[in-house]
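S.K.: Here it is, the structure, as structure tokens.
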Amino acid sequence: MIENHKAGFVNIVGNPNVGKSTLMNDLVGERVSIITAKAQTTRHRIMGIVNAPEYQIVFSDTPGVLSPKYKLQESMLGYSEGALVDADILLYVTDVIEDPTKNETFLKKVAKEKVPILLVINKIDLLKGQSDLEQIVMRWKELLPNAEIYPTSAKEHFNVNNLMSRIVELLPDSPPYFGKDALTDKPARFFVTEIIREKILLNYDKEVPYSTEVIVEKFDETDNSIHIMAVIYVERDSQKGIIIGRGGTMLKRIGVDARKDIETFFGKRVFLEMFVKVEPNWRNRENKLRSFGYIAD
């Protein structure tokens with residue numbers, strides 16, 4: 001065991017669209033989770049690892065807590081509830097807009113936790129005055145009396161350093177759980193799928209982005225370049241037409257935007273091929289969710 005070393009799992013939970021992924025990326029210092037203004041952007045539990053000589057923090061970003069409407073969302077809720085089980089420190093993220101009593105059942109589970117709870121009230125840059133913040137803080141003290149409260153703006157990096165310092169203080173004594181050069185527990189292919197999925201979320205409306213899944217079927221890496229072949233799955237033929245666009249224009253736009261970000265992420269030249277396939281009702285089919293990595297064998 002490394003002498004005087006601290007390590008722990010810091011799990012980030014909360015409702016959709018409160019800024020969990022923005023906060024995670026700010027704490028980790030890398031773009032590990034995709035960020036869009038749409039709810040349900042995060043589908044998996046994504047780890048981001050921060051290493052220093054004397055500590056290792058394993059952050060987990062989780063999907064927003066919701067009432068499941070199909071099997072994919074049941075899996076997403078499972079990731080959020082699982083984050084309550086193995087946390088050394090729990091970050092419950094809310095913001096200055098949402099109703100504090102939203103998803104009361106999950107909140108009551110959080111209130112019963114014995115591990116340290118840090119309540120992050122995000123997006124305080126949207127408030128007009130101090131009195132508004134004081135009212136919000138008072139309300140949350142009633143709901144999570146054992147939590148330490150950190151008013152924050154992850155977008156503006158306000159109070160994030162203080163939050164980070166407190167996390168380090170609360171870490172238990174432990175050797176590192178991962179190699180000291182690790183950034184995440186996810187393979188390279190995962191970040192390719194997330195970047196492509198982010199571009200789909202940014203470029204399409206309504207149900208289409210939520211009906212898509214991206215699978216990387218080929219990832220051939222050399223010293224200077226990566227050749228990637230990815231398949232975008234949708235549930236209906238009409239969605240396939242929307243994703244491709246007239247004369248392939250939309251698919252080309254997604255490909256160009258994604259390729260730029262993938263090249264930045266890996267620091268190499270990228271050749272990206274994308275195809276669109278129909279997989280009816282995949283969000284409700286256990287065999288497909290298992291093959292897409294949402295349900296463990």
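A note on labels: chains of the structure tokens are A, B, ... as shown, every chain counts residues from 1, and ligands are counted from 1 in their shown order.
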Need to verify the contact set: range 146-160 of chain A, 12 Å, only C-alpha atoms, exclusion of same-chain residues closer than 3 positions in sequence. Can you return it as a short mmCIF file (atom, residue, chain, number, x, y, z; two decimals) with C-alpha atoms, in the first residue's frame?
M.R.:
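Final file, selection.cif:
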```cif
data_model
loop_
_atom_site.label_atom_id
_atom_site.label_comp_id
_atom_site.auth_asym_id
_atom_site.auth_seq_id
_atom_site.Cartn_x
_atom_site.Cartn_y
_atom_site.Cartn_z
CA VAL A 18 -29.05 20.10 -13.71
CA GLY A 19 -25.48 20.12 -15.04
CA LYS A 20 -24.03 16.87 -13.69
CA SER A 21 -21.93 16.22 -16.79
CA THR A 22 -20.66 19.83 -16.92
CA LEU A 23 -19.63 19.54 -13.26
CA MET A 24 -18.00 16.15 -13.82
CA ASN A 25 -15.92 17.47 -16.73
CA ASP A 26 -14.89 20.53 -14.71
CA LEU A 27 -13.82 18.41 -11.72
CA VAL A 28 -11.93 15.92 -13.89
CA GLY A 29 -10.40 18.60 -16.10
CA ILE A 35 -23.01 17.80 -22.66
CA ILE A 89 -18.77 10.44 -1.13
CA LEU A 90 -22.08 11.38 -2.78
CA LEU A 91 -22.48 14.54 -4.87
CA TYR A 92 -26.18 15.34 -5.21
CA VAL A 93 -26.51 17.96 -7.94
CA THR A 94 -29.52 20.26 -8.23
CA ASP A 95 -29.86 23.74 -9.70
CA VAL A 96 -31.63 27.01 -8.96
CA LEU A 107 -34.26 12.01 -2.70
CA VAL A 110 -30.17 9.89 -0.68
CA ALA A 111 -31.20 11.35 2.70
CA LYS A 112 -30.73 7.93 4.34
CA GLU A 113 -27.15 7.53 3.08
CA LYS A 114 -24.44 7.24 5.75
CA VAL A 115 -21.58 8.48 3.53
CA PRO A 116 -20.77 12.21 3.31
CA ILE A 117 -23.24 14.05 1.06
CA LEU A 118 -22.18 17.21 -0.74
CA LEU A 119 -25.20 19.04 -2.16
CA VAL A 120 -24.23 21.10 -5.19
CA ILE A 121 -26.69 23.88 -6.07
CA ASN A 122 -25.60 24.54 -9.63
CA LYS A 123 -26.30 27.42 -12.07
CA ILE A 124 -26.26 30.15 -9.40
CA ASP A 125 -25.12 32.52 -12.17
CA LEU A 126 -28.80 32.57 -13.20
CA LEU A 127 -29.94 34.13 -9.89
CA GLN A 130 -28.41 36.74 -2.68
CA ASP A 132 -33.02 34.07 -3.77
CA LEU A 133 -30.06 31.79 -3.05
CA GLU A 134 -30.70 31.92 0.72
CA ILE A 136 -33.10 27.82 -1.98
CA VAL A 137 -30.42 26.84 0.56
CA MET A 138 -33.00 26.87 3.42
CA ARG A 139 -35.34 24.60 1.44
CA TRP A 140 -32.57 22.10 0.75
CA LYS A 141 -31.45 22.08 4.37
CA GLU A 142 -34.91 20.75 5.22
CA LEU A 143 -34.77 18.03 2.57
CA LEU A 163 -15.81 21.69 -3.70
CA MET A 164 -12.77 19.79 -4.98
CA SER A 165 -10.75 20.64 -1.87
CA ARG A 166 -13.52 19.30 0.37
CA ILE A 167 -13.73 16.08 -1.65
CA LEU A 170 -13.18 13.52 2.81
#
```
S.K.: For the strand (DSSP E or B) assignment from backbone DSSP, which residues of range 54-285 of chain A qualify? Please present them as a PyMOL selection string.
M.R.: chain A and resi 55-61+89-95+117-122+148-151+153+158+173+213-221+225-234+269-278
S.K.: With only C-alpha atoms as the atoms that count, which of A:Ile242, A:Glu235, A:Glu169, A:Val216 lies nearest to Asn281 in chain A?
M.R.: A:Glu235
S.K.: Pick from A:Asn17, A:Gly247, A:Ala87, A:Arg290: nearest to Pro172 in chain A, with only C-alpha atoms counted?
M.R.: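 Of the candidates, the smallest distance to Pro172 in chain A is held by A:Ala87.
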S.K.: Using only C-alpha atoms, can you tell me which of A:Asn203, A:Thr105, A:Asn162, A:Ser60 comes closest to Phe9 in chain A?
M.R.: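 Going through A:Asn203, A:Thr105, A:Asn162, A:Ser60 one by one, the smallest distance to Phe9 in chain A is for A:Ser60.
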S.K.: Measure the distance from CA of Thr62 in chain A to CA of Ile226 in chain A in Å and round it to one decimal.
M.R.: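 Going from CA of Thr62 in chain A over to CA of Ile226 in chain A, I get 28.8 Å.
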S.K.: Taking 5 positions as the minimum chain separation for residues in the same chain, which residues sit within 10 Å of Glu207 in chain A when counting only C-alpha atoms? Answer as a PDB file with N, CA and C atoms, in the first residue's frame.
M.R.:
```
ATOM      1  N   LEU A 201     -27.630  14.463 -30.959  1.00  0.00           N
ATOM      2  CA  LEU A 201     -28.470  15.214 -30.021  1.00  0.00           C
ATOM      3  C   LEU A 201     -28.521  16.700 -30.370  1.00  0.00           C
ATOM      4  N   THR A 212     -31.880   6.703 -31.154  1.00  0.00           N
ATOM      5  CA  THR A 212     -30.647   6.274 -31.818  1.00  0.00           C
ATOM      6  C   THR A 212     -29.647   5.656 -30.834  1.00  0.00           C
ATOM      7  N   GLN A 239     -37.062   7.405 -39.381  1.00  0.00           N
ATOM      8  CA  GLN A 239     -35.947   7.996 -38.629  1.00  0.00           C
ATOM      9  C   GLN A 239     -34.637   7.850 -39.395  1.00  0.00           C
TER      10      GLN A 239
END
```
S.K.: Identify, on the basis of only C-alpha atoms, every residue whose closest approach to Lys199 in chain A does not exceed 12 Å; exclude the query and any residue fewer than 2 positions from it along the same chain; express the result as a PyMOL selection string.
M.R.: chain A and resi 34-36+38+41+192-197+201-205+209+212+214+232+243+250-262
S.K.: Export, as a compact mmCIF listing (two decimals), in the first residue's frame, the selected residues with N, CA and C atoms.
M.R.:
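result-v1.txt, freshly written:
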```
# COMPACT_ATOMS: atom_id res chain seq x y z
N ILE A 34 -20.52 13.73 -22.33
CA ILE A 34 -21.06 14.64 -23.34
C ILE A 34 -22.07 15.58 -22.69
N ILE A 35 -22.15 16.77 -23.23
CA ILE A 35 -23.01 17.80 -22.66
C ILE A 35 -23.88 18.39 -23.76
N THR A 36 -25.20 18.36 -23.56
CA THR A 36 -26.11 19.10 -24.44
C THR A 36 -27.21 19.68 -23.56
N LYS A 38 -30.22 19.05 -23.91
CA LYS A 38 -31.33 18.09 -23.87
C LYS A 38 -31.21 17.19 -22.64
N THR A 41 -29.14 13.04 -21.71
CA THR A 41 -27.95 12.95 -22.56
C THR A 41 -27.07 11.79 -22.13
N VAL A 192 -15.82 7.46 -28.86
CA VAL A 192 -16.23 7.69 -30.25
C VAL A 192 -17.76 7.67 -30.34
N THR A 193 -18.37 6.66 -29.73
CA THR A 193 -19.85 6.56 -29.78
C THR A 193 -20.49 7.76 -29.09
N GLU A 194 -19.91 8.21 -27.97
CA GLU A 194 -20.49 9.34 -27.25
C GLU A 194 -20.37 10.63 -28.05
N ILE A 195 -19.25 10.83 -28.73
CA ILE A 195 -19.09 12.05 -29.54
C ILE A 195 -20.07 12.06 -30.70
N ILE A 196 -20.24 10.93 -31.37
CA ILE A 196 -21.21 10.86 -32.48
C ILE A 196 -22.63 11.07 -31.95
N ARG A 197 -22.93 10.47 -30.79
CA ARG A 197 -24.27 10.61 -30.21
C ARG A 197 -24.54 12.07 -29.80
N LEU A 201 -27.63 14.46 -30.96
CA LEU A 201 -28.47 15.21 -30.02
C LEU A 201 -28.52 16.70 -30.37
N LEU A 202 -27.41 17.23 -30.86
CA LEU A 202 -27.35 18.66 -31.17
C LEU A 202 -28.03 19.02 -32.48
N ASN A 203 -28.13 18.05 -33.40
CA ASN A 203 -28.61 18.37 -34.75
C ASN A 203 -30.02 17.90 -35.08
N TYR A 204 -30.62 17.11 -34.19
CA TYR A 204 -31.97 16.59 -34.48
C TYR A 204 -32.91 16.89 -33.33
N ASP A 205 -34.20 16.99 -33.65
CA ASP A 205 -35.21 17.34 -32.65
C ASP A 205 -36.10 16.16 -32.31
N PRO A 209 -33.27 11.78 -31.66
CA PRO A 209 -32.00 11.52 -30.95
C PRO A 209 -32.12 10.42 -29.89
N THR A 212 -31.88 6.70 -31.15
CA THR A 212 -30.65 6.27 -31.82
C THR A 212 -29.65 5.66 -30.83
N VAL A 214 -25.36 4.27 -31.12
CA VAL A 214 -24.18 4.24 -31.99
C VAL A 214 -23.27 3.11 -31.54
N ILE A 232 -25.06 3.81 -36.89
CA ILE A 232 -26.11 4.50 -36.12
C ILE A 232 -27.39 3.68 -36.26
N ILE A 243 -32.12 10.92 -40.29
CA ILE A 243 -30.69 10.93 -39.90
C ILE A 243 -29.81 11.16 -41.14
N MET A 250 -27.32 15.49 -44.00
CA MET A 250 -27.29 15.50 -42.54
C MET A 250 -26.24 14.54 -41.99
N LEU A 251 -26.19 13.35 -42.58
CA LEU A 251 -25.21 12.36 -42.12
C LEU A 251 -23.78 12.89 -42.34
N LYS A 252 -23.59 13.59 -43.46
CA LYS A 252 -22.27 14.16 -43.74
C LYS A 252 -21.91 15.22 -42.69
N ARG A 253 -22.90 16.05 -42.33
CA ARG A 253 -22.65 17.10 -41.33
C ARG A 253 -22.27 16.47 -39.98
N ILE A 254 -23.00 15.42 -39.59
CA ILE A 254 -22.70 14.72 -38.34
C ILE A 254 -21.27 14.16 -38.39
N GLY A 255 -20.93 13.57 -39.54
CA GLY A 255 -19.62 12.96 -39.70
C GLY A 255 -18.48 13.97 -39.60
N VAL A 256 -18.67 15.13 -40.23
CA VAL A 256 -17.62 16.17 -40.20
C VAL A 256 -17.44 16.69 -38.78
N ASP A 257 -18.56 17.00 -38.11
CA ASP A 257 -18.48 17.54 -36.74
C ASP A 257 -17.86 16.52 -35.78
N ALA A 258 -18.30 15.26 -35.91
CA ALA A 258 -17.80 14.21 -35.01
C ALA A 258 -16.31 13.96 -35.26
N ARG A 259 -15.93 13.91 -36.51
CA ARG A 259 -14.53 13.62 -36.84
C ARG A 259 -13.59 14.66 -36.22
N LYS A 260 -13.98 15.93 -36.29
CA LYS A 260 -13.15 17.00 -35.71
C LYS A 260 -12.93 16.77 -34.22
N ASP A 261 -14.02 16.44 -33.51
CA ASP A 261 -13.91 16.24 -32.06
C ASP A 261 -13.14 14.96 -31.72
N ILE A 262 -13.32 13.93 -32.53
CA ILE A 262 -12.59 12.67 -32.29
C ILE A 262 -11.10 12.90 -32.49
```
S.K.: Would you list, as a ChimeraX atom specification, the residues of range 183-274 of chain A that end up in helix (DSSP H, G or I) under DSSP run on this structure's backbone?
M.R.: /A:188-203,208-211,237-244,246-266
S.K.: Any chance you could export the current selection's N, CA and C atoms as a tab-separated table (two decimals), in the first residue's frame?
M.R.:
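Saved to result04.tsv:
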```tsv
chain	number	residue	atom	x	y	z
A	188	ALA	N	-11.56	3.26	-25.62
A	188	ALA	CA	-11.53	4.34	-26.62
A	188	ALA	C	-12.79	4.36	-27.47
A	189	ARG	N	-13.28	3.17	-27.85
A	189	ARG	CA	-14.48	3.10	-28.71
A	189	ARG	C	-15.67	3.82	-28.07
A	190	PHE	N	-15.77	3.72	-26.73
A	190	PHE	CA	-16.91	4.33	-26.04
A	190	PHE	C	-16.97	5.83	-26.32
A	191	PHE	N	-15.82	6.50	-26.30
A	191	PHE	CA	-15.82	7.95	-26.49
A	191	PHE	C	-16.14	8.34	-27.93
A	192	VAL	N	-15.82	7.46	-28.86
A	192	VAL	CA	-16.23	7.69	-30.25
A	192	VAL	C	-17.76	7.67	-30.34
A	193	THR	N	-18.37	6.66	-29.73
A	193	THR	CA	-19.85	6.56	-29.78
A	193	THR	C	-20.49	7.76	-29.09
A	194	GLU	N	-19.91	8.21	-27.97
A	194	GLU	CA	-20.49	9.34	-27.25
A	194	GLU	C	-20.37	10.63	-28.05
A	195	ILE	N	-19.25	10.83	-28.73
A	195	ILE	CA	-19.09	12.05	-29.54
A	195	ILE	C	-20.07	12.06	-30.70
A	196	ILE	N	-20.24	10.93	-31.37
A	196	ILE	CA	-21.21	10.86	-32.48
A	196	ILE	C	-22.63	11.07	-31.95
A	197	ARG	N	-22.93	10.47	-30.79
A	197	ARG	CA	-24.27	10.61	-30.21
A	197	ARG	C	-24.54	12.07	-29.80
A	198	GLU	N	-23.50	12.74	-29.33
A	198	GLU	CA	-23.65	14.16	-28.98
A	198	GLU	C	-24.03	14.98	-30.21
A	199	LYS	N	-23.38	14.69	-31.34
A	199	LYS	CA	-23.69	15.45	-32.56
A	199	LYS	C	-25.13	15.19	-33.04
A	200	ILE	N	-25.59	13.96	-32.82
A	200	ILE	CA	-26.98	13.63	-33.17
A	200	ILE	C	-27.94	14.42	-32.26
A	201	LEU	N	-27.63	14.46	-30.96
A	201	LEU	CA	-28.47	15.21	-30.02
A	201	LEU	C	-28.52	16.70	-30.37
A	202	LEU	N	-27.41	17.23	-30.86
A	202	LEU	CA	-27.35	18.66	-31.17
A	202	LEU	C	-28.03	19.02	-32.48
A	203	ASN	N	-28.13	18.05	-33.40
A	203	ASN	CA	-28.61	18.37	-34.75
A	203	ASN	C	-30.02	17.90	-35.08
A	208	VAL	N	-36.17	11.66	-32.37
A	208	VAL	CA	-35.11	11.02	-33.16
A	208	VAL	C	-33.81	10.77	-32.37
A	209	PRO	N	-33.27	11.78	-31.66
A	209	PRO	CA	-32.00	11.52	-30.95
A	209	PRO	C	-32.12	10.42	-29.89
A	210	TYR	N	-33.29	10.32	-29.27
A	210	TYR	CA	-33.48	9.34	-28.19
A	210	TYR	C	-33.72	7.93	-28.73
A	211	SER	N	-34.02	7.84	-30.02
A	211	SER	CA	-34.25	6.54	-30.65
A	211	SER	C	-32.98	5.99	-31.30
A	237	ASP	N	-37.87	3.26	-40.22
A	237	ASP	CA	-37.35	3.69	-41.52
A	237	ASP	C	-37.42	5.20	-41.67
A	238	SER	N	-38.49	5.80	-41.15
A	238	SER	CA	-38.62	7.26	-41.27
A	238	SER	C	-37.49	7.98	-40.53
A	239	GLN	N	-37.06	7.41	-39.38
A	239	GLN	CA	-35.95	8.00	-38.63
A	239	GLN	C	-34.64	7.85	-39.39
A	240	LYS	N	-34.49	6.74	-40.11
A	240	LYS	CA	-33.30	6.54	-40.92
A	240	LYS	C	-33.18	7.64	-41.96
A	241	GLY	N	-34.31	7.95	-42.61
A	241	GLY	CA	-34.33	9.01	-43.62
A	241	GLY	C	-33.97	10.36	-43.04
A	242	ILE	N	-34.44	10.63	-41.81
A	242	ILE	CA	-34.15	11.91	-41.16
A	242	ILE	C	-32.67	12.01	-40.80
A	243	ILE	N	-32.12	10.92	-40.29
A	243	ILE	CA	-30.69	10.93	-39.90
A	243	ILE	C	-29.81	11.16	-41.14
A	244	ILE	N	-30.15	10.48	-42.25
A	244	ILE	CA	-29.33	10.61	-43.47
A	244	ILE	C	-29.52	11.98	-44.11
A	246	ARG	N	-31.58	14.76	-46.87
A	246	ARG	CA	-31.70	14.81	-48.33
A	246	ARG	C	-30.31	14.73	-48.97
A	247	GLY	N	-30.13	13.71	-49.79
A	247	GLY	CA	-28.85	13.54	-50.48
A	247	GLY	C	-27.69	13.24	-49.53
A	248	GLY	N	-28.01	12.78	-48.32
A	248	GLY	CA	-26.97	12.44	-47.34
A	248	GLY	C	-26.36	13.62	-46.62
A	249	THR	N	-27.01	14.80	-46.75
A	249	THR	CA	-26.40	16.03	-46.20
A	249	THR	C	-26.28	16.00	-44.68
A	250	MET	N	-27.32	15.49	-44.00
A	250	MET	CA	-27.29	15.50	-42.54
A	250	MET	C	-26.24	14.54	-41.99
A	251	LEU	N	-26.19	13.35	-42.58
A	251	LEU	CA	-25.21	12.36	-42.12
A	251	LEU	C	-23.78	12.89	-42.34
A	252	LYS	N	-23.59	13.59	-43.46
A	252	LYS	CA	-22.27	14.16	-43.74
A	252	LYS	C	-21.91	15.22	-42.69
A	253	ARG	N	-22.90	16.05	-42.33
A	253	ARG	CA	-22.65	17.10	-41.33
A	253	ARG	C	-22.27	16.47	-39.98
A	254	ILE	N	-23.00	15.42	-39.59
A	254	ILE	CA	-22.70	14.72	-38.34
A	254	ILE	C	-21.27	14.16	-38.39
A	255	GLY	N	-20.93	13.57	-39.54
A	255	GLY	CA	-19.62	12.96	-39.70
A	255	GLY	C	-18.48	13.97	-39.60
A	256	VAL	N	-18.67	15.13	-40.23
A	256	VAL	CA	-17.62	16.17	-40.20
A	256	VAL	C	-17.44	16.69	-38.78
A	257	ASP	N	-18.56	17.00	-38.11
A	257	ASP	CA	-18.48	17.54	-36.74
A	257	ASP	C	-17.86	16.52	-35.78
A	258	ALA	N	-18.30	15.26	-35.91
A	258	ALA	CA	-17.80	14.21	-35.01
A	258	ALA	C	-16.31	13.96	-35.26
A	259	ARG	N	-15.93	13.91	-36.51
A	259	ARG	CA	-14.53	13.62	-36.84
A	259	ARG	C	-13.59	14.66	-36.22
A	260	LYS	N	-13.98	15.93	-36.29
A	260	LYS	CA	-13.15	17.00	-35.71
A	260	LYS	C	-12.93	16.77	-34.22
A	261	ASP	N	-14.02	16.44	-33.51
A	261	ASP	CA	-13.91	16.24	-32.06
A	261	ASP	C	-13.14	14.96	-31.72
A	262	ILE	N	-13.32	13.93	-32.53
A	262	ILE	CA	-12.59	12.67	-32.29
A	262	ILE	C	-11.10	12.90	-32.49
A	263	GLU	N	-10.74	13.68	-33.53
A	263	GLU	CA	-9.33	14.00	-33.78
A	263	GLU	C	-8.74	14.78	-32.61
A	264	THR	N	-9.51	15.71	-32.06
A	264	THR	CA	-9.05	16.48	-30.90
A	264	THR	C	-8.88	15.58	-29.70
A	265	PHE	N	-9.83	14.68	-29.50
A	265	PHE	CA	-9.82	13.78	-28.33
A	265	PHE	C	-8.59	12.86	-28.35
A	266	PHE	N	-8.30	12.29	-29.53
A	266	PHE	CA	-7.21	11.32	-29.62
A	266	PHE	C	-5.88	11.92	-30.08
```
S.K.: Could you jot down the CA of Val234 in chain A to CA of Val278 in chain A separation for me, Å, one decimal place?
M.R.: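 So the two atoms, CA of Val234 in chain A and CA of Val278 in chain A, lie 5.0 Å apart.
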S.K.: What are the nearest atom pairs, with distances in Å to one decimal, for all residues of range 169-278 of chain A that come at most 7 Å from range 43-58 of chain A, using only C-alpha atoms, set out by chain and rising residue number as a tab-separated table?
M.R.:
```
residue	atom	partner	partner_atom	distance
A:Pro176	CA	A:Gln56	CA	5.8
A:Lys180	CA	A:Asn51	CA	6.0
A:Ala182	CA	A:Ile49	CA	6.5
A:Leu183	CA	A:Ile49	CA	4.8
A:Thr184	CA	A:Gly48	CA	4.7
A:Asp185	CA	A:Met47	CA	5.9
```
S.K.: Between CA of Arg236 in chain A and CA of Pro280 in chain A, what distance in Å does the model show, to one decimal?
M.R.: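 Value for the CA of Arg236 in chain A-CA of Pro280 in chain A distance: 6.1 Å.
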S.K.: Residues at most 12 Å from Glu104 in chain A, counting only C-alpha atoms, excluding those fewer than 2 positions away in the same chain, as a PyMOL selection string?
M.R.: chain A and resi 14-15+65-67+99-102+106-111+143-144
S.K.: Take the residues from that selection and write them out as a PDB file, in the first residue's frame, keeping C-alpha atoms.
M.R.:
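Dumped everything to selection25.pdb:
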```pdb
ATOM      1  CA  GLY A  14     -29.448  14.110  -9.517  1.00  0.00           C
ATOM      2  CA  ASN A  15     -32.284  14.862 -11.892  1.00  0.00           C
ATOM      3  CA  VAL A  65     -33.143  10.221 -12.323  1.00  0.00           C
ATOM      4  CA  LEU A  66     -36.458   9.683 -14.108  1.00  0.00           C
ATOM      5  CA  SER A  67     -39.597   7.549 -14.166  1.00  0.00           C
ATOM      6  CA  ASP A  99     -38.477  21.918  -7.932  1.00  0.00           C
ATOM      7  CA  PRO A 100     -36.604  20.437  -4.923  1.00  0.00           C
ATOM      8  CA  THR A 101     -39.330  17.820  -4.404  1.00  0.00           C
ATOM      9  CA  LYS A 102     -38.991  16.395  -7.923  1.00  0.00           C
ATOM     10  CA  PHE A 106     -34.934   8.991  -4.912  1.00  0.00           C
ATOM     11  CA  LEU A 107     -34.259  12.010  -2.702  1.00  0.00           C
ATOM     12  CA  LYS A 108     -35.436  10.077   0.378  1.00  0.00           C
ATOM     13  CA  LYS A 109     -32.954   7.305  -0.484  1.00  0.00           C
ATOM     14  CA  VAL A 110     -30.173   9.889  -0.683  1.00  0.00           C
ATOM     15  CA  ALA A 111     -31.197  11.351   2.699  1.00  0.00           C
ATOM     16  CA  LEU A 143     -34.765  18.031   2.570  1.00  0.00           C
ATOM     17  CA  LEU A 144     -31.135  16.903   3.092  1.00  0.00           C
TER      18      LEU A 144
END
```
